[in-house]
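Asker: Quick one: the structure is below, questions incoming.
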Amino acid sequence: MVIESDKLRPRHASLSRQTGFADQPRDFDWLRQNIPCQHACPAGTDIPGYLAAIAADDFAGAYRINLGDNVFPGVLGRVCSRPCEPACRHGWEGLGEPVAICASKRAADYGRTHDPVILPAIFPETGKRVAVVGAGVAGLAVARDLARYGHAVTVYERHRTPGGMLNQGIPEFRLPRYVIDREIEQVRLCGVAIECGVDIGSDLSLRDLIGGHDAVILAAGTLSPNIPDLPGKMLDGIEHGLPFLLDANEHRRDVLQGDIVVVGGGFTAMDCARTALRLKAGSVKVYYRRSRSEMLVTEEELVELEHEGIPIEYQVSPVGYSGAAGRIEQVRFVRTKLGSPDAGGRRRPESIPGSEFDVPVSGVLLATGQVPENTWIDAEGMLDAESRLTRGNAAHTGVPPVFIAGDFALGATTLIDAIG
């Protein structure tokens, strides 16, 4: 018997089941059509669920719902790249602005308690042992979920504190450390052991981990800076943004004098520029090779930069450095025009001949990307002839018990991409 209302219901708006779990192809189409924000979230966060809890003044419940999927709600409520908001139906033409989904993740800020939340185990203990290399967001996310699935998980971190880029890359003025500490403690309380100050490759070998565990997950991030091969790149005063931020955030570097140029247009560039200003730089300016519309940072990042008086010059690219007595004194830039789109859909910058110009500087911070560092990998069959990681499909490597996750698998991405 066909109910008349079912005949009128659009196919994309119909689930295969009204209760329980639905897993037919049309169910995923239904999700994409009806809850585009959740579909756009790499972690598949139950956005309608936690927004409904907030609307009911259940802030603790909202936080718990969020915690189930993205592991670090308080962190992401401050620094998420928010891919959900452009997809929000409330922002569609004629409907106004998207819901402030990102800020809503900070529901715990409005709750009555800041005590850690412990999610229950999903399955009983399995007797299986898993090692995770890297205590960044990807490593901690996979560790927590595996612990809830009943496995015994140990995370090995080479630095003195867990958190990866949360501590090492994101400045404290953007991300308070108590928020990081609280949410990492929640991972621990799910049964995850975190051992800091352990360098895989020197203190322990990867082969040792493989031999002593049922599975090993490499979530070591992208810690090898990409330094453009330009004339003068070895001059003193030229630094890559990653070690600079690590030095400022972890080792408490407290001064950066003179006129500073930041090269790049991503989140690292924004953090470098704002940190340089706080380290008493005489002036700070950002130079980016594409247009403003091609930048991958959120609009709020650019507003903050403007609010702090840090200018950006668009469509310029460095072509060389010069100086005296081994120290940087100026950067030569060339103006660019935007050509055809690259594989990611952004238009490629193309140099305009004869448009070169020089900028006097005291220092340069390069926010020009980073890649995984593989020299510590000693397991047979994991690296090809060019020392690149061999890949199976999805998260597999060339060695069956070894998997990869986060930026180590994807390349440098955002926190929510790494968690997803």
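Ordering of the structure tokens sets the chain letters (A, B, ...); residue numbers start at 1 within each chain; ligands are numbered from 1 in the order shown.
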What lies within 12 Å of Asp208 in chain A using only C-alpha atoms, ignoring chain neighbours under 6 positions off, as a ChimeraX atom specification?
Answerer: /A:131,200-202,214-216,377-379
Asker: If we count only C-alpha atoms and set the cut-off at 12 Å, which residues sit around range 54-69 of chain A, ignoring sequence neighbours fewer than 3 positions away in its own chain? Please answer as a PyMOL selection string.
Answerer: chain A and resi 38+41-51+72-77+101-122+141-142+144-145+148+183-184+186-187+416+419-420
Asker: Rounded to one decimal place, report the CA of Gly150 in chain A-CA of Gly191 in chain A distance in Å.
Answerer: 9.3 Å
Asker: Can you pull out the residues contacting range 354-356 of chain A? Cut-off 6 Å, using only C-alpha atoms, and skip same-chain residues under 5 positions away; I want them as an MDAnalysis selection string.
Answerer: chainID A and resid 333:335
Asker: What's the 8 Å shell around Arg158 in chain A, counting only C-alpha atoms, without same-chain residues fewer than 3 positions away, as an NGL selection string?
Answerer: :A and (134 or 196-200)
Asker: DSSP on the backbone, helix (DSSP H, G or I) only: what residues of range 246-306 of chain A does that give? Format it as a ChimeraX atom specification.
Answerer: /A:246-249,267-278,292-294,299-306
Asker: For those residues, write N, CA and C atoms to a file as a compact mmCIF listing (two decimals), in the first residue's frame.
Answerer:
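For reference, again33.txt as written:
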# COMPACT_ATOMS: atom_id res chain seq x y z
N LEU A 246 57.00 27.72 16.69
CA LEU A 246 57.39 26.81 17.75
C LEU A 246 58.28 27.53 18.76
N ASP A 247 59.21 28.32 18.26
CA ASP A 247 60.13 29.07 19.12
C ASP A 247 59.37 30.07 19.98
N ALA A 248 58.39 30.73 19.38
CA ALA A 248 57.62 31.74 20.10
C ALA A 248 56.65 31.12 21.09
N ASN A 249 55.99 30.03 20.70
CA ASN A 249 54.94 29.44 21.53
C ASN A 249 55.47 28.51 22.61
N PHE A 267 46.78 30.18 7.13
CA PHE A 267 46.65 30.40 8.57
C PHE A 267 48.02 30.61 9.22
N THR A 268 49.04 29.88 8.75
CA THR A 268 50.39 30.05 9.31
C THR A 268 50.89 31.47 9.09
N ALA A 269 50.63 32.02 7.89
CA ALA A 269 51.05 33.39 7.61
C ALA A 269 50.37 34.38 8.54
N MET A 270 49.06 34.18 8.78
CA MET A 270 48.34 35.08 9.68
C MET A 270 48.92 35.00 11.10
N ASP A 271 49.19 33.77 11.57
CA ASP A 271 49.74 33.60 12.91
C ASP A 271 51.15 34.19 13.02
N CYS A 272 51.95 34.01 11.96
CA CYS A 272 53.30 34.58 11.97
C CYS A 272 53.25 36.11 12.06
N ALA A 273 52.37 36.72 11.27
CA ALA A 273 52.29 38.18 11.23
C ALA A 273 51.85 38.75 12.58
N ARG A 274 50.82 38.15 13.16
CA ARG A 274 50.29 38.68 14.42
C ARG A 274 51.25 38.40 15.57
N THR A 275 51.96 37.28 15.50
CA THR A 275 52.96 36.97 16.54
C THR A 275 54.15 37.92 16.42
N ALA A 276 54.61 38.18 15.19
CA ALA A 276 55.73 39.10 14.98
C ALA A 276 55.43 40.48 15.56
N LEU A 277 54.20 40.93 15.38
CA LEU A 277 53.81 42.23 15.91
C LEU A 277 53.92 42.24 17.44
N ARG A 278 53.57 41.13 18.07
CA ARG A 278 53.63 41.04 19.53
C ARG A 278 55.06 40.87 20.04
N ARG A 292 42.88 38.19 -2.90
CA ARG A 292 42.19 37.98 -1.62
C ARG A 292 41.16 36.87 -1.73
N SER A 293 40.44 36.81 -2.82
CA SER A 293 39.40 35.79 -2.97
C SER A 293 39.96 34.38 -3.08
N GLU A 294 41.26 34.26 -3.38
CA GLU A 294 41.89 32.94 -3.50
C GLU A 294 42.48 32.45 -2.17
N GLU A 299 37.39 34.83 6.71
CA GLU A 299 37.30 36.28 6.65
C GLU A 299 37.67 36.91 7.99
N GLU A 300 37.36 36.20 9.08
CA GLU A 300 37.66 36.73 10.40
C GLU A 300 39.18 36.93 10.60
N GLU A 301 39.97 36.04 10.01
CA GLU A 301 41.42 36.19 10.11
C GLU A 301 41.88 37.50 9.47
N LEU A 302 41.32 37.82 8.33
CA LEU A 302 41.70 39.05 7.65
C LEU A 302 41.20 40.29 8.39
N VAL A 303 40.04 40.16 9.01
CA VAL A 303 39.52 41.28 9.82
C VAL A 303 40.45 41.54 11.00
N GLU A 304 40.90 40.46 11.66
CA GLU A 304 41.81 40.62 12.79
C GLU A 304 43.14 41.26 12.35
N LEU A 305 43.63 40.83 11.19
CA LEU A 305 44.87 41.40 10.67
C LEU A 305 44.72 42.90 10.42
N GLU A 306 43.60 43.26 9.81
CA GLU A 306 43.33 44.67 9.54
C GLU A 306 43.17 45.46 10.84
